[in-house]
>>> print(open('start_11.cif').read())   # mmCIF, C-alpha atoms and all ligand atoms
data_final
loop_
_atom_site.label_atom_id
_atom_site.label_comp_id
_atom_site.auth_asym_id
_atom_site.auth_seq_id
_atom_site.Cartn_x
_atom_site.Cartn_y
_atom_site.Cartn_z
CA MET A 1 1.86 7.73 24.10
CA MET A 2 3.67 4.65 22.94
CA SER A 3 4.47 2.22 25.76
CA PRO A 4 7.91 0.63 25.86
CA PRO A 5 8.37 -2.54 23.81
CA ARG A 6 7.55 -5.74 25.65
CA PRO A 7 10.21 -8.43 25.18
CA ARG A 8 8.84 -11.62 23.68
CA ARG A 9 10.00 -15.13 24.38
CA GLY A 10 12.40 -16.74 21.91
CA PRO A 11 15.11 -15.05 19.90
CA PRO A 12 15.99 -11.52 21.05
CA THR A 13 15.58 -10.15 17.53
CA VAL A 14 12.16 -8.59 17.98
CA CYS A 15 9.93 -6.94 20.62
CA MET A 16 6.27 -6.17 20.02
CA ALA A 17 4.95 -2.73 21.00
CA PRO A 18 1.27 -1.75 20.85
CA ALA A 19 0.26 0.02 17.65
CA ARG A 20 0.07 3.76 18.11
CA THR A 21 -3.60 4.38 17.42
CA THR A 22 -3.21 8.08 18.01
CA LYS A 23 -1.09 8.89 14.96
CA ILE A 24 -2.86 11.86 13.46
CA ILE A 25 -2.66 11.89 9.72
CA PRO A 26 -4.13 14.60 7.54
CA PRO A 27 -7.30 13.94 5.55
CA PRO A 28 -6.69 12.99 1.91
CA THR A 29 -7.48 16.55 0.82
CA ARG A 30 -4.23 17.60 2.54
CA LEU A 31 -1.94 15.17 0.70
CA ARG A 32 -0.75 17.85 -1.67
CA THR A 33 2.81 16.78 -2.36
CA ARG A 34 3.57 14.17 -4.99
CA VAL A 35 5.62 12.20 -2.46
CA THR A 36 3.93 11.98 0.93
CA ASP A 37 5.97 12.92 4.03
CA VAL A 38 6.56 9.86 6.20
CA ALA A 39 5.00 11.84 9.08
CA ASN A 40 1.73 11.86 7.12
CA VAL A 41 1.67 8.16 6.28
CA TYR A 42 -0.87 5.90 8.01
CA VAL A 43 0.42 2.94 10.03
CA ILE A 44 -1.18 -0.52 10.23
CA GLY A 45 0.10 -3.37 12.39
CA HIS A 46 -2.48 -6.06 13.13
CA PHE A 47 -0.53 -7.32 16.15
CA GLY A 48 1.18 -4.05 17.04
CA ILE A 49 4.54 -2.70 15.99
CA ALA A 50 7.64 -4.91 15.87
CA HIS A 51 10.92 -3.39 17.06
CA VAL A 52 13.63 -5.37 15.34
CA ASP A 53 17.32 -5.44 16.20
CA GLU A 54 18.99 -5.37 12.79
CA ARG A 55 22.16 -7.02 14.12
CA ASN A 56 20.19 -10.23 14.63
CA TRP A 57 17.99 -9.81 11.56
CA SER A 58 18.26 -12.02 8.54
CA LEU A 59 16.10 -12.84 5.55
CA ARG A 60 15.77 -16.49 4.61
CA VAL A 61 14.79 -17.64 1.11
CA ALA A 62 13.66 -21.27 1.11
CA GLY A 63 10.93 -23.70 0.06
CA MET A 64 10.79 -25.04 -3.50
CA VAL A 65 14.21 -23.73 -4.48
CA ARG A 66 17.47 -25.45 -5.38
CA ASN A 67 19.64 -23.19 -3.24
CA PRO A 68 18.02 -22.02 0.00
CA PHE A 69 20.05 -19.28 1.71
CA GLN A 70 19.86 -16.40 4.12
CA ILE A 71 21.32 -12.92 4.10
CA ASN A 72 21.90 -10.33 6.79
CA ILE A 73 21.19 -6.61 6.51
CA ASP A 74 24.71 -5.64 5.37
CA GLN A 75 24.57 -8.22 2.58
CA LEU A 76 21.14 -6.96 1.54
CA ARG A 77 22.31 -3.32 1.45
CA ALA A 78 25.36 -4.33 -0.58
CA LEU A 79 23.24 -5.76 -3.41
CA PRO A 80 22.31 -3.56 -6.41
CA SER A 81 19.18 -1.56 -5.53
CA VAL A 82 16.40 0.16 -7.42
CA THR A 83 14.42 3.29 -6.48
CA LEU A 84 10.80 3.79 -7.48
CA THR A 85 7.82 5.92 -6.51
CA ALA A 86 4.59 4.07 -5.86
CA VAL A 87 1.31 4.22 -3.98
CA LEU A 88 0.83 2.50 -0.63
CA GLU A 89 -2.87 2.01 0.02
CA CYS A 90 -4.71 0.15 2.77
CA PHE A 91 -7.55 -2.05 1.60
CA GLY A 92 -9.35 -1.08 4.80
CA ASN A 93 -10.65 -3.10 7.70
CA PRO A 94 -11.16 -6.64 6.36
CA LEU A 95 -14.22 -6.89 8.60
CA GLN A 96 -15.90 -3.80 7.05
CA PRO A 97 -15.90 -4.36 3.28
CA ASP A 98 -17.83 -1.28 2.10
CA VAL A 99 -16.37 1.49 4.22
CA PRO A 100 -14.13 3.90 2.27
CA THR A 101 -10.83 4.28 4.10
CA ARG A 102 -8.77 6.68 2.04
CA ARG A 103 -5.63 5.58 3.83
CA VAL A 104 -3.17 6.19 1.05
CA ALA A 105 0.25 7.67 0.39
CA ASN A 106 2.67 7.95 -2.51
CA LEU A 107 6.23 7.11 -1.49
CA THR A 108 9.71 6.69 -2.88
CA TRP A 109 11.01 3.21 -2.16
CA ARG A 110 14.54 1.87 -2.38
CA GLY A 111 15.36 -1.79 -2.20
CA VAL A 112 16.66 -4.93 -3.85
CA PRO A 113 14.58 -6.56 -6.59
CA VAL A 114 13.21 -9.86 -5.29
CA ARG A 115 14.26 -11.27 -8.66
CA THR A 116 17.92 -10.94 -7.57
CA LEU A 117 17.26 -13.23 -4.60
CA LEU A 118 15.13 -15.64 -6.65
CA ASP A 119 17.88 -15.94 -9.26
CA GLN A 120 20.23 -17.01 -6.53
CA ALA A 121 17.71 -19.41 -4.96
CA GLU A 122 16.55 -20.95 -8.28
CA PRO A 123 12.86 -21.81 -7.81
CA GLU A 124 11.73 -25.25 -9.04
CA PRO A 125 9.60 -25.30 -12.21
CA LYS A 126 6.40 -26.13 -10.27
CA ALA A 127 6.71 -23.07 -7.98
CA ARG A 128 3.79 -20.60 -8.27
CA PHE A 129 3.77 -18.44 -5.13
CA ILE A 130 6.00 -16.82 -2.61
CA CYS A 131 4.92 -16.70 1.04
CA ALA A 132 6.29 -13.68 2.85
CA GLU A 133 6.56 -13.89 6.63
CA GLY A 134 6.78 -10.97 9.03
CA LEU A 135 8.49 -11.14 12.42
CA ASP A 136 5.44 -9.75 14.22
CA GLU A 137 3.15 -12.06 16.15
CA GLY A 138 0.05 -11.81 18.30
CA GLU A 139 -3.71 -11.94 18.20
CA PHE A 140 -6.12 -10.52 15.63
CA ASP A 141 -9.87 -11.16 15.33
CA GLY A 142 -9.67 -13.86 18.02
CA THR A 143 -6.90 -15.84 16.32
CA THR A 144 -3.34 -16.11 17.63
CA CYS A 145 -0.62 -16.13 14.97
CA GLN A 146 3.11 -16.79 15.18
CA GLU A 147 3.71 -14.48 12.22
CA TYR A 148 2.08 -12.18 9.68
CA LEU A 149 1.88 -14.12 6.42
CA LYS A 150 0.94 -13.24 2.83
CA ASP A 151 1.17 -15.23 -0.38
CA LEU A 152 1.81 -13.53 -3.71
CA PRO A 153 2.09 -14.85 -7.27
CA LEU A 154 5.70 -15.70 -8.10
CA ASP A 155 5.59 -14.21 -11.61
CA ILE A 156 4.42 -10.76 -10.43
CA VAL A 157 6.91 -10.74 -7.55
CA ALA A 158 9.76 -11.70 -9.88
CA ARG A 159 8.72 -8.90 -12.25
CA ARG A 160 8.29 -5.99 -9.87
CA ALA A 161 8.60 -6.65 -6.12
CA ILE A 162 11.48 -5.31 -4.04
CA ILE A 163 12.85 -5.92 -0.56
CA ALA A 164 12.53 -2.30 0.52
CA TYR A 165 14.81 -0.82 3.18
CA GLU A 166 14.32 2.92 2.54
CA MET A 167 11.27 5.17 2.30
CA ASN A 168 11.78 8.68 0.93
CA GLY A 169 15.57 8.30 1.14
CA GLU A 170 15.64 7.35 4.84
CA PRO A 171 15.87 3.93 6.47
CA LEU A 172 12.41 2.50 7.17
CA THR A 173 11.09 3.52 10.59
CA TYR A 174 10.09 0.82 13.07
CA GLU A 175 6.45 1.45 12.26
CA HIS A 176 6.95 1.01 8.53
CA GLY A 177 8.85 -2.28 8.70
CA TYR A 178 12.47 -1.63 9.69
CA PRO A 179 14.87 -3.07 8.73
CA ALA A 180 13.21 -4.42 5.56
CA ARG A 181 9.81 -5.16 4.07
CA LEU A 182 8.38 -6.59 0.91
CA PHE A 183 6.95 -4.04 -1.50
CA THR A 184 5.09 -4.99 -4.67
CA PRO A 185 4.07 -1.84 -6.58
CA GLY A 186 0.42 -1.90 -7.64
CA TYR A 187 -0.69 -4.17 -4.80
CA PHE A 188 -2.77 -3.25 -1.75
CA GLY A 189 -0.99 -2.55 1.56
CA THR A 190 -1.93 -5.89 3.12
CA ASN A 191 0.60 -7.59 0.81
CA GLN A 192 3.50 -5.28 1.73
CA VAL A 193 4.86 -7.45 4.54
CA LYS A 194 6.80 -5.44 7.12
CA TRP A 195 9.59 -6.79 9.35
CA LEU A 196 10.21 -9.43 6.69
CA ARG A 197 12.07 -12.53 7.90
CA LYS A 198 11.40 -15.24 5.35
CA ILE A 199 10.33 -15.88 1.78
CA THR A 200 9.13 -19.41 1.09
CA VAL A 201 8.60 -20.49 -2.50
CA THR A 202 5.57 -22.80 -2.87
CA ALA A 203 3.26 -24.45 -5.40
CA GLN A 204 0.08 -23.80 -3.39
CA ARG A 205 -1.48 -21.01 -1.36
CA PRO A 206 -0.83 -21.58 2.37
CA LYS A 207 -3.82 -21.54 4.74
CA HIS A 208 -3.46 -18.70 7.26
CA LEU A 209 -5.58 -15.97 8.83
CA PHE A 210 -4.02 -13.36 6.52
CA THR A 211 -3.84 -15.45 3.32
CA THR A 212 -7.04 -17.48 2.87
CA ARG A 213 -9.34 -16.12 5.62
CA LEU A 214 -9.09 -12.34 5.78
CA TYR A 215 -8.47 -10.01 2.83
CA GLN A 216 -10.54 -11.99 0.34
CA ARG A 217 -13.04 -10.28 -1.92
CA THR A 218 -15.78 -11.44 -4.25
CA GLN A 219 -15.80 -9.38 -7.41
CA ALA A 220 -18.93 -8.78 -9.49
CA GLY A 221 -19.58 -11.74 -11.79
CA ALA A 222 -16.92 -13.94 -10.19
CA PRO A 223 -18.01 -17.13 -8.39
CA GLN A 224 -15.06 -17.44 -5.99
CA PRO A 225 -13.58 -14.93 -3.60
CA VAL A 226 -10.09 -13.86 -4.63
CA PRO A 227 -7.22 -12.53 -2.51
CA VAL A 228 -6.93 -8.77 -2.23
CA ARG A 229 -3.99 -7.86 -4.46
CA ASP A 230 -4.34 -5.28 -7.28
CA VAL A 231 -5.32 -1.84 -6.04
CA ASP A 232 -8.63 -0.48 -7.31
CA VAL A 233 -9.05 2.56 -9.50
CA ASN A 234 -9.31 5.51 -7.13
CA SER A 235 -8.81 9.27 -6.76
CA VAL A 236 -8.82 12.07 -4.22
CA ILE A 237 -9.34 15.79 -4.66
CA THR A 238 -6.54 17.65 -2.88
CA ALA A 239 -7.47 21.22 -3.72
CA PRO A 240 -9.51 23.08 -2.98
CA SER A 241 -10.63 21.59 0.32
CA GLN A 242 -13.69 22.54 2.30
CA GLU A 243 -11.62 24.80 4.58
CA ASP A 244 -10.13 26.85 1.72
CA ALA A 245 -11.54 30.28 0.89
CA VAL A 246 -12.73 29.99 -2.72
CA TYR A 247 -14.00 32.97 -4.72
CA GLU A 248 -16.28 32.94 -7.77
CA GLY A 249 -14.62 32.58 -11.15
CA ASP A 250 -12.07 30.08 -12.42
CA THR A 251 -10.95 27.69 -9.68
CA ARG A 252 -8.18 25.14 -10.12
CA VAL A 253 -9.30 21.70 -8.93
CA THR A 254 -6.47 19.19 -8.53
CA GLY A 255 -5.92 15.79 -7.04
CA TRP A 256 -4.35 12.37 -7.41
CA ALA A 257 -5.65 9.34 -9.25
CA TRP A 258 -4.19 5.83 -9.28
CA SER A 259 -4.86 2.22 -10.12
CA THR A 260 -2.88 -0.91 -10.92
CA THR A 261 -2.86 0.16 -14.56
CA PRO A 262 -2.37 3.79 -15.59
CA ILE A 263 -5.24 6.27 -15.26
CA ARG A 264 -6.49 7.36 -18.65
CA ARG A 265 -9.34 9.66 -17.67
CA VAL A 266 -10.57 11.69 -14.71
CA GLU A 267 -13.96 13.33 -14.87
CA VAL A 268 -14.43 16.30 -12.57
CA ALA A 269 -18.04 17.19 -11.88
CA VAL A 270 -19.53 20.38 -10.48
CA ASP A 271 -22.96 19.62 -8.99
CA GLY A 272 -23.14 16.53 -11.19
CA ASP A 273 -22.08 18.24 -14.45
CA ALA A 274 -19.00 16.28 -15.53
CA PHE A 275 -16.12 17.24 -17.83
CA ASP A 276 -12.68 15.78 -18.48
CA ALA A 277 -9.74 16.95 -16.38
CA ALA A 278 -6.15 16.99 -17.67
CA VAL A 279 -4.29 13.89 -16.42
CA GLU A 280 -0.53 13.35 -16.15
CA ARG A 281 0.86 10.35 -17.97
CA ARG A 282 2.19 7.18 -16.45
CA THR A 283 3.61 4.07 -18.08
CA ALA A 284 2.36 0.56 -17.26
CA ASP A 285 5.46 -0.27 -15.21
CA GLU A 286 5.41 2.85 -13.01
CA PHE A 287 3.08 2.93 -10.03
CA SER A 288 3.06 6.54 -8.81
CA TRP A 289 -0.25 8.30 -8.52
CA GLN A 290 -1.04 10.74 -11.34
CA GLN A 291 -2.11 14.32 -10.93
CA PHE A 292 -5.32 15.58 -12.51
CA SER A 293 -6.40 19.19 -12.83
CA ALA A 294 -9.34 21.16 -14.13
CA CYS A 295 -10.44 24.81 -14.00
CA PRO A 296 -14.20 25.06 -13.63
CA ASP A 297 -15.85 28.47 -13.54
CA LEU A 298 -17.69 28.53 -10.22
CA ALA A 299 -20.55 30.88 -9.34
CA ALA A 300 -20.96 32.10 -5.77
CA GLY A 301 -22.86 29.60 -3.61
CA THR A 302 -22.51 26.02 -2.44
CA HIS A 303 -21.15 23.45 -4.88
CA ILE A 304 -20.29 19.76 -4.76
CA ILE A 305 -17.10 18.97 -6.66
CA SER A 306 -16.31 15.33 -7.36
CA ALA A 307 -13.69 13.36 -9.27
CA ARG A 308 -14.09 9.98 -10.97
CA ALA A 309 -11.15 8.10 -12.45
CA THR A 310 -11.01 5.46 -15.21
CA ASP A 311 -7.93 3.30 -15.78
CA THR A 312 -6.57 1.82 -19.01
CA ASP A 313 -8.35 -1.47 -18.22
CA GLY A 314 -11.66 0.42 -18.30
CA ARG A 315 -12.31 0.22 -14.57
CA ILE A 316 -14.27 3.22 -13.26
CA GLN A 317 -14.80 4.42 -9.70
CA PRO A 318 -18.26 3.58 -8.36
CA PHE A 319 -20.48 6.38 -7.04
CA GLY A 320 -21.29 4.88 -3.66
CA GLU A 321 -20.94 2.12 -1.07
CA ALA A 322 -17.46 1.10 -2.05
CA ARG A 323 -13.99 1.58 -0.67
CA ASN A 324 -13.00 3.42 -3.84
CA GLN A 325 -16.17 5.44 -4.22
CA VAL A 326 -16.04 8.81 -5.93
CA HIS A 327 -14.56 11.49 -3.66
CA SER A 328 -16.51 14.74 -3.29
CA VAL A 329 -15.90 18.02 -1.53
CA GLU A 330 -18.47 20.64 -0.69
CA LEU A 331 -17.33 24.18 -1.38
CA ASN A 332 -18.78 27.44 -0.19
CA VAL A 333 -17.83 29.77 -3.04
CA ARG A 334 -17.83 33.44 -2.05
CA ALA A 335 -18.74 36.42 -4.17
CA ARG A 336 -15.83 38.75 -4.95
N1 LIG A 401 4.28 -7.76 9.18
C1 LIG A 401 3.19 -7.05 8.87
N2 LIG A 401 3.15 -6.45 7.69
C2 LIG A 401 2.06 -5.72 7.34
C3 LIG A 401 0.94 -5.59 8.21
C4 LIG A 401 1.02 -6.23 9.47
O1 LIG A 401 0.11 -6.18 10.32
N3 LIG A 401 2.17 -6.95 9.77
N4 LIG A 401 -0.16 -4.85 7.82
C5 LIG A 401 -0.34 -4.66 6.37
C6 LIG A 401 -1.36 -3.68 6.00
S1 LIG A 401 -2.99 -4.16 6.11
C7 LIG A 401 -1.03 -2.49 5.44
S2 LIG A 401 -2.22 -1.43 4.86
C8 LIG A 401 0.38 -2.06 5.33
C9 LIG A 401 0.55 -0.70 5.96
O2 LIG A 401 1.88 -0.27 5.83
P1 LIG A 401 2.37 0.95 6.71
O3 LIG A 401 2.03 0.65 8.15
O4 LIG A 401 3.82 1.07 6.44
O5 LIG A 401 1.59 2.16 6.26
O6 LIG A 401 1.27 -2.98 5.95
C10 LIG A 401 0.96 -4.30 5.69
N5 LIG A 401 2.06 -5.13 6.14
MO MO A 402 -4.29 -2.43 5.34
#
>>> encode(input="start_11.cif", output="structure tokens")
Amino acid sequence: MMSPPRPRRGPPTVCMAPARTTKIIPPPTRLRTRVTDVANVYVIGHFGIAHVDERNWSLRVAGMVRNPFQINIDQLRALPSVTLTAVLECFGNPLQPDVPTRRVANLTWRGVPVRTLLDQAEPEPKARFICAEGLDEGEFDGTTCQEYLKDLPLDIVARRAIIAYEMNGEPLTYEHGYPARLFTPGYFGTNQVKWLRKITVTAQRPKHLFTTRLYQRTQAGAPQPVPVRDVDVNSVITAPSQEDAVYEGDTRVTGWAWSTTPIRRVEVAVDGDAFDAAVERRTADEFSWQQFSACPDLAAGTHIISARATDTDGRIQPFGEARNQVHSVELNVRAR
């Protein structure tokens, strides 16, 4: 049960409600449609869920710009919009780096390119980042914050980020960031700031719990931790699942694979014997997941089916102890 929103002090634009921890979402093996129903999308709010009154909402664009300004929701909706389909994936609990989460969805987003707003604001030549601020506030990991804050590289944001106000053709729900959120295709969920209120253009990364403390990762061979941005190469098998009745003979194995760059190969393995699956195509500037399929001939008995994706940058899913580790399903194949 969700308790009623608790009014916060200050402007009457937003109330914080506790995050609904009971939302039951299907396991990844049940995400069988290309576009995931909003009902099946995971929800993360570090401080809870913000309920925003759109009549008092505005988005401010400021910082190292020549023309700071703010717009209200009607002005935002009146601007030319784009629609795109892209993956939303949670990096996982920042305090548990090696636990696979498989909180992922593929959604259709509609919104205004951030570039449109930047063109109006005119960033100064030294600007390198945008800092996106959410209206939510509260405590996480023992630290009290006045806002959720993320910094993103200005060049990537100008190229592909949108101020999203619709998911799957409907206005965003409260849980997913109503009335508007930042969405940068190809980036992990932590960057997709919900309940967006401000974009500040800067030359440096701001220090904040959610910018320089949490959501940092040290990649193999790199000396310094880097912020969590590009999604990793990953895949899930969506059929068959363990609960399905599977009979000996040819069985169609399908699933979704995604990364920041397109997927170029998915190996499906039956009890460790790998072969190449067919993979849908994607261009470098689309960010939808891609379907893979294969038809192994399965004998009656127990089999482990797994899928391992490789992207066009040559990144391959690891076998174990990683958030994006190879996904496997155990099947009990029956005799006919
Ligand atoms: N304002 C705000 N935006 C946020 C968060 C948050 O706590 N506050 N959580 C982030 C994280 S970690 C994820 S994975 C995504 C989840 O988006 P969803 O709840 O719409 O699925 O929102 C991101 N944006
Ligand atoms: Mo997340």
>>> closest_residue(input="start_11.cif", among="A:Gly142, A:Gly272, A:Gly92, A:Pro100", to="ligand MO 402 (chain A)", atoms="all atoms listed in the file")
A:Gly92
>>> residues_near_ligand(input="start_11.cif", ligand="ligand MO 402 (chain A)", cutoff="10 Å", atoms="only C-alpha atoms and all ligand atoms", output="NGL selection string")
:A and (42-46 or 88-94 or 101 or 103-104 or 188-192 or 215)
>>> residues_near_point(input="start_11.cif", point="(-8.9, 20.9, 4.4)", cutoff="9 Å", atoms="only C-alpha atoms", output="PDB file with C-alpha atoms, in the coordinates of the input")
ATOM      1  CA  PRO A  26      -4.130  14.600   7.540  1.00  0.00           C
ATOM      2  CA  PRO A  27      -7.300  13.940   5.550  1.00  0.00           C
ATOM      3  CA  PRO A  28      -6.690  12.990   1.910  1.00  0.00           C
ATOM      4  CA  THR A  29      -7.480  16.550   0.820  1.00  0.00           C
ATOM      5  CA  ARG A  30      -4.230  17.600   2.540  1.00  0.00           C
ATOM      6  CA  THR A 238      -6.540  17.650  -2.880  1.00  0.00           C
ATOM      7  CA  ALA A 239      -7.470  21.220  -3.720  1.00  0.00           C
ATOM      8  CA  PRO A 240      -9.510  23.080  -2.980  1.00  0.00           C
ATOM      9  CA  SER A 241     -10.630  21.590   0.320  1.00  0.00           C
ATOM     10  CA  GLN A 242     -13.690  22.540   2.300  1.00  0.00           C
ATOM     11  CA  GLU A 243     -11.620  24.800   4.580  1.00  0.00           C
ATOM     12  CA  ASP A 244     -10.130  26.850   1.720  1.00  0.00           C
TER      13      ASP A 244
END
>>> atom_distance(input="start_11.cif", atom1="atom C9 of ligand LIG 401 (chain A)", atom2="atom CA of Glu137 of chain A")
15.5 Å
>>> closest_residue(input="start_11.cif", among="A:Ala180, A:Glu54, A:Thr108, A:Val246", to="Ser288 of chain A", atoms="all atoms listed in the file")
A:Thr108
>>> closest_residue(input="start_11.cif", among="A:Leu154, A:Val236, A:Val35, A:Val114", to="Ala257 of chain A", atoms="only C-alpha atoms")
A:Val236
>>> residues_near_point(input="start_11.cif", point="(21.1, -11.4, 9.5)", cutoff="9 Å", atoms="all atoms listed in the file", output="PyMOL selection string")
chain A and resi 54-60+70-75
>>> atom_distance(input="start_11.cif", atom1="atom CA of Asn67 of chain A", atom2="atom CA of Ile130 of chain A")
15.1 Å
>>> residues_around(input="start_11.cif", residues="segment 197-202 of chain A", least_positions_apart="6", cutoff="12 Å", atoms="all atoms listed in the file", output="VMD selection string")
chain A and resid 13 to 14 50 52 54 56 to 73 114 117 to 118 121 to 136 147 to 155 157 to 158 163 177 to 182
>>> residues_around(input="start_11.cif", residues="Thr143 of chain A", least_positions_apart="5", cutoff="12 Å", atoms="all atoms listed in the file", output="list in words")
His46, Phe47, Glu137, Gly138, Tyr148, His208, Leu209, Phe210, Arg213 and Leu214 of chain A
>>> residues_around(input="start_11.cif", residues="Phe287 of chain A", least_positions_apart="5", cutoff="9 Å", atoms="only C-alpha atoms", output="ChimeraX atom specification")
/A:84-87,185-186,258-262,282
>>> closest_residue(input="start_11.cif", among="A:Tyr165, A:Trp195, A:Tyr174, A:Phe140", to="ligand LIG 401 (chain A)", atoms="all atoms listed in the file")
A:Trp195
>>> closest_residue(input="start_11.cif", among="A:Leu107, A:Val193, A:Cys145, A:Ala322", to="ligand LIG 401 (chain A)", atoms="all atoms listed in the file")
A:Val193
>>> closest_residue(input="start_11.cif", among="A:Val231, A:Val82, A:Ser293, A:Ala203", to="ligand LIG 401 (chain A)", atoms="only C-alpha atoms and all ligand atoms")
A:Val231
>>> axis_aligned_box(input="start_11.cif", around="ligand LIG 401 (chain A)", padding_each_side="6 Å", output="lines of an AutoDock Vina configuration file")
center_x = 0.6
center_y = -2.8
center_z = 7.6
size_x = 19.3
size_y = 21.9
size_z = 17.5
>>> atom_distance(input="start_11.cif", atom1="atom CA of Trp289 of chain A", atom2="atom CA of Asn106 of chain A")
6.7 Å
>>> residues_around(input="start_11.cif", residues="Val333 of chain A", least_positions_apart="5", cutoff="12 Å", atoms="only C-alpha atoms", output="ChimeraX atom specification")
/A:240-251,297-305
>>> decode(input="start_11.cif", residues="segment 193-214 of chain A", atoms="N, CA and C atoms", output="PDB file, in the first residue's frame")
ATOM      1  N   VAL A 193      17.433  11.495 -14.819  1.00  0.00           N
ATOM      2  CA  VAL A 193      16.890  12.243 -13.674  1.00  0.00           C
ATOM      3  C   VAL A 193      15.394  12.518 -13.820  1.00  0.00           C
ATOM      4  N   LYS A 194      14.643  11.995 -12.849  1.00  0.00           N
ATOM      5  CA  LYS A 194      13.183  12.158 -12.837  1.00  0.00           C
ATOM      6  C   LYS A 194      12.831  13.468 -12.147  1.00  0.00           C
ATOM      7  N   TRP A 195      11.600  13.921 -12.327  1.00  0.00           N
ATOM      8  CA  TRP A 195      11.092  15.134 -11.668  1.00  0.00           C
ATOM      9  C   TRP A 195      12.083  16.285 -11.865  1.00  0.00           C
ATOM     10  N   LEU A 196      12.531  16.413 -13.108  1.00  0.00           N
ATOM     11  CA  LEU A 196      13.596  17.369 -13.441  1.00  0.00           C
ATOM     12  C   LEU A 196      13.151  18.801 -13.166  1.00  0.00           C
ATOM     13  N   ARG A 197      13.999  19.594 -12.498  1.00  0.00           N
ATOM     14  CA  ARG A 197      13.649  20.995 -12.262  1.00  0.00           C
ATOM     15  C   ARG A 197      14.682  21.964 -12.801  1.00  0.00           C
ATOM     16  N   LYS A 198      15.917  21.487 -12.987  1.00  0.00           N
ATOM     17  CA  LYS A 198      16.952  22.445 -13.388  1.00  0.00           C
ATOM     18  C   LYS A 198      18.078  21.749 -14.139  1.00  0.00           C
ATOM     19  N   ILE A 199      18.595  22.448 -15.144  1.00  0.00           N
ATOM     20  CA  ILE A 199      19.797  22.012 -15.845  1.00  0.00           C
ATOM     21  C   ILE A 199      20.808  23.135 -15.699  1.00  0.00           C
ATOM     22  N   THR A 200      21.943  22.834 -15.078  1.00  0.00           N
ATOM     23  CA  THR A 200      22.982  23.843 -14.911  1.00  0.00           C
ATOM     24  C   THR A 200      24.176  23.451 -15.773  1.00  0.00           C
ATOM     25  N   VAL A 201      24.612  24.361 -16.616  1.00  0.00           N
ATOM     26  CA  VAL A 201      25.760  24.096 -17.479  1.00  0.00           C
ATOM     27  C   VAL A 201      27.029  24.486 -16.712  1.00  0.00           C
ATOM     28  N   THR A 202      28.010  23.571 -16.665  1.00  0.00           N
ATOM     29  CA  THR A 202      29.225  23.821 -15.872  1.00  0.00           C
ATOM     30  C   THR A 202      30.484  23.403 -16.632  1.00  0.00           C
ATOM     31  N   ALA A 203      31.635  23.806 -16.061  1.00  0.00           N
ATOM     32  CA  ALA A 203      32.928  23.395 -16.626  1.00  0.00           C
ATOM     33  C   ALA A 203      33.492  22.204 -15.861  1.00  0.00           C
ATOM     34  N   GLN A 204      33.016  21.987 -14.631  1.00  0.00           N
ATOM     35  CA  GLN A 204      33.540  20.934 -13.770  1.00  0.00           C
ATOM     36  C   GLN A 204      32.429  20.027 -13.244  1.00  0.00           C
ATOM     37  N   ARG A 205      32.821  18.831 -12.821  1.00  0.00           N
ATOM     38  CA  ARG A 205      31.863  17.932 -12.192  1.00  0.00           C
ATOM     39  C   ARG A 205      31.538  18.446 -10.786  1.00  0.00           C
ATOM     40  N   PRO A 206      30.261  18.569 -10.419  1.00  0.00           N
ATOM     41  CA  PRO A 206      29.920  19.004  -9.073  1.00  0.00           C
ATOM     42  C   PRO A 206      30.100  17.861  -8.078  1.00  0.00           C
ATOM     43  N   LYS A 207      30.494  18.178  -6.862  1.00  0.00           N
ATOM     44  CA  LYS A 207      30.597  17.153  -5.812  1.00  0.00           C
ATOM     45  C   LYS A 207      29.200  16.952  -5.205  1.00  0.00           C
ATOM     46  N   HIS A 208      28.755  15.695  -5.142  1.00  0.00           N
ATOM     47  CA  HIS A 208      27.428  15.399  -4.612  1.00  0.00           C
ATOM     48  C   HIS A 208      27.385  13.894  -4.365  1.00  0.00           C
ATOM     49  N   LEU A 209      26.495  13.471  -3.470  1.00  0.00           N
ATOM     50  CA  LEU A 209      26.366  12.041  -3.186  1.00  0.00           C
ATOM     51  C   LEU A 209      26.170  11.228  -4.466  1.00  0.00           C
ATOM     52  N   PHE A 210      25.335  11.753  -5.395  1.00  0.00           N
ATOM     53  CA  PHE A 210      24.996  10.970  -6.587  1.00  0.00           C
ATOM     54  C   PHE A 210      25.855  11.271  -7.806  1.00  0.00           C
ATOM     55  N   THR A 211      26.834  12.214  -7.667  1.00  0.00           N
ATOM     56  CA  THR A 211      27.725  12.473  -8.807  1.00  0.00           C
ATOM     57  C   THR A 211      29.098  11.867  -8.572  1.00  0.00           C
ATOM     58  N   THR A 212      29.770  12.298  -7.485  1.00  0.00           N
ATOM     59  CA  THR A 212      31.167  11.874  -7.287  1.00  0.00           C
ATOM     60  C   THR A 212      31.335  10.815  -6.201  1.00  0.00           C
ATOM     61  N   ARG A 213      30.280  10.522  -5.405  1.00  0.00           N
ATOM     62  CA  ARG A 213      30.439   9.501  -4.361  1.00  0.00           C
ATOM     63  C   ARG A 213      29.857   8.147  -4.761  1.00  0.00           C
ATOM     64  N   LEU A 214      28.576   8.102  -5.026  1.00  0.00           N
ATOM     65  CA  LEU A 214      27.968   6.833  -5.437  1.00  0.00           C
ATOM     66  C   LEU A 214      27.995   6.727  -6.967  1.00  0.00           C
TER      67      LEU A 214
END
